[in-house]
$ cat my_file-v4.tsv   # TSV, C-alpha atoms and all ligand atoms
chain	number	residue	atom	x	y	z
A	1	MET	CA	180.04	81.08	36.16
A	2	ARG	CA	181.28	84.60	35.46
A	3	ARG	CA	179.57	86.31	32.52
A	4	MET	CA	182.14	87.07	29.86
A	5	ILE	CA	182.59	90.64	28.61
A	6	ILE	CA	183.71	91.55	25.12
A	7	SER	CA	184.52	95.22	25.30
A	8	GLY	CA	185.90	97.83	22.94
A	9	ASN	CA	187.95	100.86	23.90
A	10	TRP	CA	187.82	103.29	21.00
A	11	LYS	CA	190.24	105.79	22.56
A	12	MET	CA	190.29	109.00	20.45
A	13	TYR	CA	189.19	107.46	17.16
A	14	LYS	CA	186.23	107.86	14.80
A	15	THR	CA	184.31	110.89	13.59
A	16	LEU	CA	180.61	111.16	14.37
A	17	GLU	CA	179.79	109.88	10.90
A	18	GLU	CA	182.06	106.83	11.30
A	19	MET	CA	180.61	106.09	14.71
A	20	LEU	CA	177.05	106.22	13.33
A	21	VAL	CA	177.91	103.81	10.51
A	22	PHE	CA	179.57	101.41	12.99
A	23	PHE	CA	176.53	101.36	15.29
A	24	ASP	CA	174.08	101.00	12.41
A	25	GLU	CA	175.92	97.84	11.41
A	26	LEU	CA	176.56	96.50	14.90
A	27	SER	CA	173.03	97.14	16.16
A	28	ALA	CA	171.42	95.53	13.11
A	29	TRP	CA	173.68	92.47	13.45
A	30	GLU	CA	173.31	92.17	17.22
A	31	LYS	CA	169.50	92.09	17.07
A	32	ASN	CA	169.73	88.76	15.26
A	33	PHE	CA	172.56	87.28	17.30
A	34	ALA	CA	171.58	85.69	20.58
A	35	HIS	CA	174.43	86.20	22.99
A	36	GLU	CA	175.03	85.47	26.64
A	37	ASN	CA	178.21	87.52	26.88
A	38	GLN	CA	178.11	91.20	27.69
A	39	ILE	CA	179.05	93.58	24.86
A	40	LEU	CA	180.41	96.86	26.18
A	41	ILE	CA	181.82	99.74	24.14
A	42	PHE	CA	183.70	102.80	25.35
A	43	PRO	CA	183.43	105.37	22.54
A	44	PRO	CA	184.91	108.87	22.90
A	45	ASN	CA	182.97	110.51	25.75
A	46	LEU	CA	181.58	113.15	23.36
A	47	TYR	CA	179.46	110.50	21.64
A	48	THR	CA	178.09	108.80	24.75
A	49	ILE	CA	174.49	110.04	24.55
A	50	THR	CA	174.24	109.35	20.82
A	51	CYS	CA	175.65	105.84	21.29
A	52	LEU	CA	173.17	105.15	24.11
A	53	GLU	CA	170.35	106.23	21.80
A	54	LYS	CA	171.71	104.16	18.90
A	55	THR	CA	171.76	101.02	21.07
A	56	ARG	CA	168.50	101.55	22.94
A	57	GLU	CA	166.87	98.55	21.27
A	58	ASN	CA	169.98	96.41	21.66
A	59	ASN	CA	171.71	94.38	24.29
A	60	ILE	CA	174.89	96.47	24.06
A	61	ASP	CA	176.28	98.57	26.90
A	62	ILE	CA	177.97	101.93	26.43
A	63	GLY	CA	180.48	103.38	28.86
A	64	VAL	CA	182.73	106.43	29.16
A	65	GLN	CA	186.51	106.27	28.94
A	66	ASN	CA	187.18	108.48	31.95
A	67	ILE	CA	185.52	110.67	34.57
A	68	TYR	CA	186.59	113.15	37.23
A	69	PHE	CA	186.01	112.27	40.88
A	70	GLU	CA	184.16	115.41	41.99
A	71	ASP	CA	180.41	115.50	41.42
A	72	PHE	CA	180.18	119.04	40.00
A	73	GLY	CA	182.33	122.15	40.02
A	74	ALA	CA	184.76	124.37	38.19
A	75	TYR	CA	186.69	121.60	36.42
A	76	THR	CA	186.88	122.66	32.80
A	77	GLY	CA	186.86	119.80	30.35
A	78	GLU	CA	185.77	117.12	32.82
A	79	ILE	CA	182.65	115.01	33.28
A	80	SER	CA	181.38	113.33	36.44
A	81	ALA	CA	179.58	110.25	37.72
A	82	PRO	CA	176.27	112.11	38.45
A	83	MET	CA	176.32	113.30	34.84
A	84	LEU	CA	176.46	109.65	33.77
A	85	THR	CA	173.36	109.00	35.87
A	86	SER	CA	171.60	111.93	34.21
A	87	ILE	CA	172.09	110.42	30.73
A	88	GLY	CA	171.46	106.79	31.73
A	89	CYS	CA	175.06	105.60	31.36
A	90	LYS	CA	176.06	102.83	33.78
A	91	ASP	CA	179.68	102.01	32.90
A	92	ALA	CA	183.08	103.67	33.02
A	93	LEU	CA	186.67	102.79	32.29
A	94	VAL	CA	189.17	103.89	34.93
A	95	GLY	CA	192.96	103.94	35.06
A	96	HIS	CA	193.74	103.01	31.47
A	97	SER	CA	197.50	103.03	30.94
A	98	GLU	CA	197.20	105.92	28.47
A	99	ARG	CA	195.54	107.95	31.22
A	100	ARG	CA	198.25	106.90	33.66
A	101	HIS	CA	201.25	107.44	31.39
A	102	ILE	CA	200.23	110.22	28.99
A	103	PHE	CA	198.05	112.26	31.36
A	104	GLY	CA	199.92	111.45	34.55
A	105	GLU	CA	196.95	109.96	36.39
A	106	THR	CA	198.05	108.68	39.79
A	107	ASP	CA	196.90	105.66	41.76
A	108	GLU	CA	195.30	108.06	44.25
A	109	GLU	CA	193.27	109.81	41.56
A	110	ILE	CA	192.25	106.46	40.14
A	111	ASN	CA	191.06	105.41	43.59
A	112	ARG	CA	189.00	108.60	43.98
A	113	LYS	CA	187.40	108.03	40.58
A	114	ILE	CA	186.52	104.46	41.54
A	115	LEU	CA	185.01	105.61	44.86
A	116	SER	CA	182.97	108.30	43.11
A	117	LEU	CA	181.62	105.80	40.57
A	118	ILE	CA	180.70	103.32	43.31
A	119	LYS	CA	178.90	106.07	45.23
A	120	HIS	CA	176.85	106.73	42.09
A	121	ASP	CA	176.10	103.09	41.42
A	122	LYS	CA	178.24	102.67	38.28
A	123	ASN	CA	180.11	99.66	36.94
A	124	ILE	CA	183.83	100.13	36.61
A	125	VAL	CA	186.43	98.51	34.40
A	126	PHE	CA	189.58	99.19	36.38
A	127	CYS	CA	192.79	98.80	34.34
A	128	VAL	CA	196.11	97.60	35.71
A	129	GLY	CA	199.27	96.46	34.00
A	130	GLU	CA	203.05	96.59	34.05
A	131	LYS	CA	205.43	98.33	31.67
A	132	GLU	CA	207.96	96.40	29.63
A	133	ASN	CA	210.97	97.29	31.78
A	134	GLU	CA	209.03	96.35	34.92
A	135	ARG	CA	208.33	92.90	33.46
A	136	ASP	CA	211.94	92.54	32.30
A	137	ASP	CA	213.14	93.39	35.81
A	138	GLY	CA	210.81	90.80	37.36
A	139	PHE	CA	208.51	93.36	38.99
A	140	THR	CA	205.21	92.44	37.30
A	141	GLU	CA	203.52	91.09	40.42
A	142	ARG	CA	204.77	93.91	42.59
A	143	VAL	CA	203.41	96.50	40.13
A	144	LEU	CA	200.04	94.76	39.89
A	145	GLU	CA	199.84	94.49	43.65
A	146	THR	CA	200.57	98.19	44.12
A	147	GLN	CA	198.04	99.24	41.49
A	148	LEU	CA	195.34	96.97	42.94
A	149	GLN	CA	196.05	97.92	46.52
A	150	SER	CA	196.08	101.67	45.92
A	151	GLY	CA	193.27	101.71	43.36
A	152	LEU	CA	190.94	99.83	45.69
A	153	VAL	CA	191.55	101.73	48.95
A	154	ASP	CA	188.22	101.90	50.87
A	155	VAL	CA	186.50	99.64	48.34
A	156	GLY	CA	184.69	97.11	50.51
A	157	GLU	CA	183.63	93.57	49.77
A	158	LYS	CA	180.13	94.64	48.74
A	159	ASP	CA	181.50	97.40	46.52
A	160	MET	CA	183.43	94.81	44.55
A	161	GLN	CA	180.20	93.96	42.71
A	162	TYR	CA	180.86	97.14	40.70
A	163	ILE	CA	184.42	96.24	39.77
A	164	THR	CA	185.75	94.43	36.75
A	165	ILE	CA	189.52	94.37	36.47
A	166	ALA	CA	191.29	94.67	33.11
A	167	TYR	CA	194.82	93.33	33.01
A	168	GLU	CA	196.54	95.27	30.25
A	169	PRO	CA	200.31	94.87	30.07
A	170	VAL	CA	201.49	98.25	28.79
A	171	TRP	CA	203.99	96.62	26.42
A	172	ALA	CA	201.14	94.82	24.65
A	173	ILE	CA	198.86	97.82	24.10
A	174	GLY	CA	198.73	98.96	20.51
A	175	THR	CA	202.04	97.25	19.78
A	176	GLY	CA	200.85	94.04	18.18
A	177	LYS	CA	202.84	92.20	20.91
A	178	THR	CA	200.06	90.26	22.62
A	179	ALA	CA	200.87	88.48	25.84
A	180	THR	CA	200.87	84.74	25.22
A	181	PRO	CA	197.86	82.98	26.73
A	182	GLU	CA	200.23	81.51	29.36
A	183	ILE	CA	201.67	84.89	30.36
A	184	ALA	CA	198.19	86.43	30.50
A	185	GLN	CA	196.74	83.51	32.49
A	186	GLU	CA	199.59	83.73	34.98
A	187	ALA	CA	198.92	87.43	35.60
A	188	HIS	CA	195.16	86.84	35.85
A	189	ALA	CA	195.66	84.03	38.33
A	190	PHE	CA	197.88	86.32	40.37
A	191	ILE	CA	195.18	89.02	40.39
A	192	ARG	CA	192.52	86.48	41.41
A	193	GLY	CA	194.80	85.25	44.17
A	194	TRP	CA	195.25	88.82	45.35
A	195	LEU	CA	191.46	89.27	45.47
A	196	ASN	CA	191.17	86.09	47.50
A	197	GLU	CA	193.77	87.30	49.95
A	198	HIS	CA	192.51	90.88	50.30
A	199	TYR	CA	188.79	90.19	50.11
A	200	ASP	CA	187.59	86.60	50.17
A	201	SER	CA	186.99	83.59	47.97
A	202	HIS	CA	183.52	84.85	46.99
A	203	VAL	CA	184.93	88.12	45.61
A	204	ALA	CA	187.80	86.26	43.95
A	205	HIS	CA	185.37	83.88	42.32
A	206	LYS	CA	182.87	86.53	41.19
A	207	THR	CA	185.14	89.32	39.94
A	208	ARG	CA	185.67	89.36	36.22
A	209	ILE	CA	189.18	89.91	34.93
A	210	LEU	CA	189.54	91.00	31.30
A	211	TYR	CA	192.67	90.82	29.21
A	212	GLY	CA	193.66	93.76	27.01
A	213	GLY	CA	196.61	94.41	24.72
A	214	SER	CA	196.62	93.66	20.98
A	215	VAL	CA	193.65	91.30	21.15
A	216	LYS	CA	192.56	90.42	17.63
A	217	VAL	CA	190.51	87.84	15.74
A	218	SER	CA	193.51	85.54	15.33
A	219	ASN	CA	194.53	85.39	19.00
A	220	CYS	CA	191.34	85.93	20.97
A	221	GLU	CA	190.36	82.28	21.35
A	222	GLY	CA	193.65	81.22	22.95
A	223	LEU	CA	193.28	84.02	25.48
A	224	LEU	CA	189.56	83.72	26.22
A	225	ILE	CA	189.74	79.99	26.87
A	226	GLN	CA	192.10	80.53	29.82
A	227	PRO	CA	190.38	79.76	33.13
A	228	ASP	CA	190.99	83.17	34.71
A	229	ILE	CA	190.36	85.30	31.61
A	230	ASP	CA	186.75	86.47	31.61
A	231	GLY	CA	186.74	88.59	28.49
A	232	ALA	CA	188.70	91.14	26.53
A	233	LEU	CA	189.22	94.89	26.40
A	234	ILE	CA	189.98	95.54	22.76
A	235	GLY	CA	191.45	98.69	21.26
A	236	GLY	CA	192.42	98.62	17.57
A	237	ALA	CA	190.38	95.57	16.58
A	238	SER	CA	187.20	97.00	18.17
A	239	LEU	CA	187.24	99.85	15.65
A	240	LYS	CA	186.74	97.48	12.74
A	241	ILE	CA	183.18	96.26	12.68
A	242	ASN	CA	183.93	92.90	11.06
A	243	ASP	CA	186.77	92.12	13.45
A	244	PHE	CA	184.75	93.13	16.48
A	245	ILE	CA	181.81	90.97	15.40
A	246	GLU	CA	184.15	88.03	14.76
A	247	ILE	CA	185.59	88.37	18.27
A	248	ILE	CA	182.09	88.58	19.77
A	249	LYS	CA	181.15	85.38	17.93
A	250	LYS	CA	184.27	83.54	19.02
A	251	GLY	CA	183.75	84.74	22.59
A	252	GLU	CA	180.29	83.25	22.59
A	253	VAL	CA	181.61	79.84	21.50
A	254	ILE	CA	184.37	79.92	24.12
A	255	ALA	CA	181.96	80.93	26.90
A	256	LYS	CA	179.75	77.94	26.07
A	257	ARG	CA	182.77	75.66	26.07
A	258	LYS	CA	183.85	76.98	29.47
A	259	GLU	CA	180.41	76.35	30.94
A	260	GLN	CA	180.69	72.62	30.24
B	1	LIG	P1	194.89	97.47	21.69
B	1	LIG	O1	194.42	98.40	22.91
B	1	LIG	O2	193.91	96.34	21.57
B	1	LIG	O3	194.87	98.37	20.48
B	1	LIG	O4	196.25	96.97	22.03
B	1	LIG	C1	193.89	97.84	24.09
B	1	LIG	C2	193.55	98.93	25.08
B	1	LIG	O5	194.25	99.94	25.13
B	1	LIG	O6	192.58	98.81	25.85
$ encode --input "my_file-v4.tsv" --output "C-alpha cells"
Amino acid sequence: MRRMIISGNWKMYKTLEEMLVFFDELSAWEKNFAHENQILIFPPNLYTITCLEKTRENNIDIGVQNIYFEDFGAYTGEISAPMLTSIGCKDALVGHSERRHIFGETDEEINRKILSLIKHDKNIVFCVGEKENERDDGFTERVLETQLQSGLVDVGEKDMQYITIAYEPVWAIGTGKTATPEIAQEAHAFIRGWLNEHYDSHVAHKTRILYGGSVKVSNCEGLLIQPDIDGALIGGASLKINDFIEIIKKGEVIAKRKEQ
C-alpha cells in the first residue's frame, strides 16, 4: 500500500512569529498522535532551518518550495539541492503552478530541477495540472501528458522512487473551486496509467499521486478515499493549525479504511 502524504504548501505566508506559534502547536499535538501517514510542510524557504529544528523531535517532514538546478554559482536569490543536504532537508516542491504561471518556469527548467534533486538524493513533489480553458477545451489529458513527459526527461525507473506527483488543476488552486472527487480520480487514474505506460506497473503502483486545489476539512475525505489519490497538497487550509490537524486526523482514518 502507498503511504499517504498530508502536505501543506504555505506559499508566501506567515511571519517568523506566526510560523513559530504554528509549529509549537503542531509539534506538541503530533507527539501525542500516532500516525502512519507522512506529514510534510513546505514553509517559505527562509524558515527552512528553523522549521527543521522545531520539528526535530517530531515525525514531521519539512521541504522547500523551490530550488535552482545548478549546485552553486552566481545566481542571486536562489538556493540549491546541495544546500538542502547541508542543512539536513530532504524534500522539495517542484513545478508548482504559481512558479509556472507567475514566474514563467518552463517544463525544461522543471526537468533540470528534478534531475538536480535526484542527483542529490532528495524527494520531490512534482506538480502538474491544467488551466481552466485547457479543461474546457478538452485538453486536460494532453496537458498532463506534456507536463509529465517533459518534466521527467532522463528520469529512470529507479529514480522514480524520489518522485511524488501532485495533480493540481490550476482552476482549483486558491479559488475555492475544488475538483469533485470524480474529476480528481479520473485525472489521477490517467496519471497512473501514464506511469504504467512510460515506466512499468511497479512504478505505477508505487508512485504516490497527491491532489491539490482548495482541499479543506469539509471536502478532504471524499477526495482522499479515491483509489488513486494518495494524499493532499494543501495551501490555504494548511495555514490554519486547527484545519490542518483536522485534515491530518481524517487522512489517518481514510488510510486505515483503504488498507482493509
Ligand atoms: P489551495 O492551494 O489549497 O489554497 O487551493 C493548493 C496549492 O497551491 O498547492
$ residues_near_point --input "my_file-v4.tsv" --point "(176.9, 105.6, 44.5)" --cutoff "10 Å" --atoms "all atoms listed in the file" --output "list in words"
Ala81, Pro82, Thr85, Leu115, Ser116, Leu117, Ile118, Lys119, His120, Asp121, Lys122 and Asp159 of chain A
$ atom_distance --input "my_file-v4.tsv" --atom1 "CA of Gln260 (chain A)" --atom2 "CA of Gly231 (chain A)"
17.2 Å
$ axis_aligned_box --input "my_file-v4.tsv" --around "ligand LIG 1 (chain B)" --padding-each-side "6 Å" --output "AutoDock Vina command-line options"
--center_x 194.4 --center_y 98.1 --center_z 23.2 --size_x 15.7 --size_y 15.6 --size_z 17.4
$ residues_around --input "my_file-v4.tsv" --residues "region 125-134 of chain A" --least-positions-apart "2" --cutoff "7 Å" --atoms "all atoms listed in the file" --output "list of chain:residue names"
A:Ala92, A:Leu93, A:Val94, A:Gly95, A:His96, A:Asn123, A:Asp136, A:Asp137, A:Gly138, A:Phe139, A:Thr140, A:Val143, A:Leu144, A:Gln147, A:Ile163, A:Thr164, A:Ile165, A:Ala166, A:Tyr167, A:Glu168, A:Pro169, A:Val170, A:Trp171
$ residues_around --input "my_file-v4.tsv" --residues "Ile247 (chain A)" --least-positions-apart "3" --cutoff "10 Å" --atoms "only C-alpha atoms" --output "list in words"
Ile6, Ser7, Val215, Lys216, Val217, Ser218, Asn219, Cys220, Glu221, Ala232, Ile234, Ala237, Ser238, Ile241, Asn242, Asp243, Phe244, Lys250, Gly251, Glu252 and Val253 of chain A
$ write_last_selection --input "my_file-v4.tsv" --atoms "C-alpha atoms" --output "mmCIF file, in the coordinates of the input"
data_model
loop_
_atom_site.group_PDB
_atom_site.id
_atom_site.type_symbol
_atom_site.label_atom_id
_atom_site.label_comp_id
_atom_site.auth_asym_id
_atom_site.auth_seq_id
_atom_site.Cartn_x
_atom_site.Cartn_y
_atom_site.Cartn_z
ATOM 1 C CA ILE A 6 183.710 91.550 25.120
ATOM 2 C CA SER A 7 184.520 95.220 25.300
ATOM 3 C CA VAL A 215 193.650 91.300 21.150
ATOM 4 C CA LYS A 216 192.560 90.420 17.630
ATOM 5 C CA VAL A 217 190.510 87.840 15.740
ATOM 6 C CA SER A 218 193.510 85.540 15.330
ATOM 7 C CA ASN A 219 194.530 85.390 19.000
ATOM 8 C CA CYS A 220 191.340 85.930 20.970
ATOM 9 C CA GLU A 221 190.360 82.280 21.350
ATOM 10 C CA ALA A 232 188.700 91.140 26.530
ATOM 11 C CA ILE A 234 189.980 95.540 22.760
ATOM 12 C CA ALA A 237 190.380 95.570 16.580
ATOM 13 C CA SER A 238 187.200 97.000 18.170
ATOM 14 C CA ILE A 241 183.180 96.260 12.680
ATOM 15 C CA ASN A 242 183.930 92.900 11.060
ATOM 16 C CA ASP A 243 186.770 92.120 13.450
ATOM 17 C CA PHE A 244 184.750 93.130 16.480
ATOM 18 C CA LYS A 250 184.270 83.540 19.020
ATOM 19 C CA GLY A 251 183.750 84.740 22.590
ATOM 20 C CA GLU A 252 180.290 83.250 22.590
ATOM 21 C CA VAL A 253 181.610 79.840 21.500
#
$ residues_near_point --input "my_file-v4.tsv" --point "(189.3, 100.6, 45.3)" --cutoff "10 Å" --atoms "all atoms listed in the file" --output "PyMOL selection string"
chain A and resi 107-108+110-115+118+126+147-156+159-160+163
$ residues_near_ligand --input "my_file-v4.tsv" --ligand "ligand LIG 1 (chain B)" --cutoff "7 Å" --atoms "only C-alpha atoms and all ligand atoms" --output "PyMOL selection string"
chain A and resi 9+168+172-176+212-215+233-237
$ residues_around --input "my_file-v4.tsv" --residues "region 60-62 of chain A" --least-positions-apart "5" --cutoff "9 Å" --atoms "only C-alpha atoms" --output "MDAnalysis selection string"
chainID A and resid 27 30 38:43 48 51:52 55 89:92
$ write_last_selection --input "my_file-v4.tsv" --atoms "C-alpha atoms" --output "mmCIF file, keeping the file's coordinate frame"
data_model
loop_
_atom_site.group_PDB
_atom_site.id
_atom_site.type_symbol
_atom_site.label_atom_id
_atom_site.label_comp_id
_atom_site.auth_asym_id
_atom_site.auth_seq_id
_atom_site.Cartn_x
_atom_site.Cartn_y
_atom_site.Cartn_z
ATOM 1 C CA SER A 27 173.030 97.140 16.160
ATOM 2 C CA GLU A 30 173.310 92.170 17.220
ATOM 3 C CA GLN A 38 178.110 91.200 27.690
ATOM 4 C CA ILE A 39 179.050 93.580 24.860
ATOM 5 C CA LEU A 40 180.410 96.860 26.180
ATOM 6 C CA ILE A 41 181.820 99.740 24.140
ATOM 7 C CA PHE A 42 183.700 102.800 25.350
ATOM 8 C CA PRO A 43 183.430 105.370 22.540
ATOM 9 C CA THR A 48 178.090 108.800 24.750
ATOM 10 C CA CYS A 51 175.650 105.840 21.290
ATOM 11 C CA LEU A 52 173.170 105.150 24.110
ATOM 12 C CA THR A 55 171.760 101.020 21.070
ATOM 13 C CA CYS A 89 175.060 105.600 31.360
ATOM 14 C CA LYS A 90 176.060 102.830 33.780
ATOM 15 C CA ASP A 91 179.680 102.010 32.900
ATOM 16 C CA ALA A 92 183.080 103.670 33.020
#
$ closest_residue --input "my_file-v4.tsv" --among "A:Thr50, A:Thr180, A:Asn37, A:Asn45" --to "Asp24 (chain A)" --atoms "all atoms listed in the file"
A:Thr50
$ atom_distance --input "my_file-v4.tsv" --atom1 "CA of Ser86 (chain A)" --atom2 "CA of Gly73 (chain A)"
15.9 Å
$ build_atoms --input "my_file-v4.tsv" --residues "region 139-153 of chain A" --atoms "N, CA, C and O atoms" --output "compact mmCIF listing (two decimals), keeping the file's coordinate frame"
# COMPACT_ATOMS: atom_id res chain seq x y z
N PHE A 139 209.36 92.65 38.03
CA PHE A 139 208.51 93.36 38.99
C PHE A 139 207.01 93.29 38.68
O PHE A 139 206.22 94.04 39.26
N THR A 140 206.62 92.44 37.73
CA THR A 140 205.21 92.44 37.30
C THR A 140 204.26 92.32 38.49
O THR A 140 203.34 93.12 38.64
N GLU A 141 204.48 91.32 39.32
CA GLU A 141 203.52 91.09 40.42
C GLU A 141 203.51 92.25 41.41
O GLU A 141 202.46 92.64 41.90
N ARG A 142 204.70 92.79 41.65
CA ARG A 142 204.77 93.91 42.59
C ARG A 142 203.99 95.12 42.06
O ARG A 142 203.28 95.80 42.79
N VAL A 143 204.12 95.37 40.74
CA VAL A 143 203.41 96.50 40.13
C VAL A 143 201.90 96.27 40.20
O VAL A 143 201.13 97.15 40.59
N LEU A 144 201.48 95.06 39.86
CA LEU A 144 200.04 94.76 39.89
C LEU A 144 199.49 94.92 41.30
O LEU A 144 198.43 95.50 41.53
N GLU A 145 200.25 94.42 42.25
CA GLU A 145 199.84 94.49 43.65
C GLU A 145 199.67 95.95 44.09
O GLU A 145 198.67 96.30 44.71
N THR A 146 200.63 96.78 43.74
CA THR A 146 200.57 98.19 44.12
C THR A 146 199.36 98.87 43.47
O THR A 146 198.62 99.62 44.11
N GLN A 147 199.16 98.60 42.19
CA GLN A 147 198.04 99.24 41.49
C GLN A 147 196.70 98.78 42.07
O GLN A 147 195.78 99.58 42.24
N LEU A 148 196.59 97.50 42.38
CA LEU A 148 195.34 96.97 42.94
C LEU A 148 195.10 97.56 44.32
O LEU A 148 194.02 98.06 44.64
N GLN A 149 196.15 97.46 45.14
CA GLN A 149 196.05 97.92 46.52
C GLN A 149 195.66 99.40 46.59
O GLN A 149 194.75 99.78 47.31
N SER A 150 196.36 100.24 45.80
CA SER A 150 196.08 101.67 45.92
C SER A 150 194.82 102.08 45.16
O SER A 150 194.15 103.02 45.56
N GLY A 151 194.49 101.37 44.10
CA GLY A 151 193.27 101.71 43.36
C GLY A 151 192.02 101.35 44.14
O GLY A 151 190.96 101.96 43.96
N LEU A 152 192.14 100.34 45.00
CA LEU A 152 190.94 99.83 45.69
C LEU A 152 190.88 100.21 47.18
O LEU A 152 190.15 99.59 47.94
N VAL A 153 191.61 101.25 47.56
CA VAL A 153 191.55 101.73 48.95
C VAL A 153 190.08 102.08 49.27
O VAL A 153 189.42 102.75 48.47
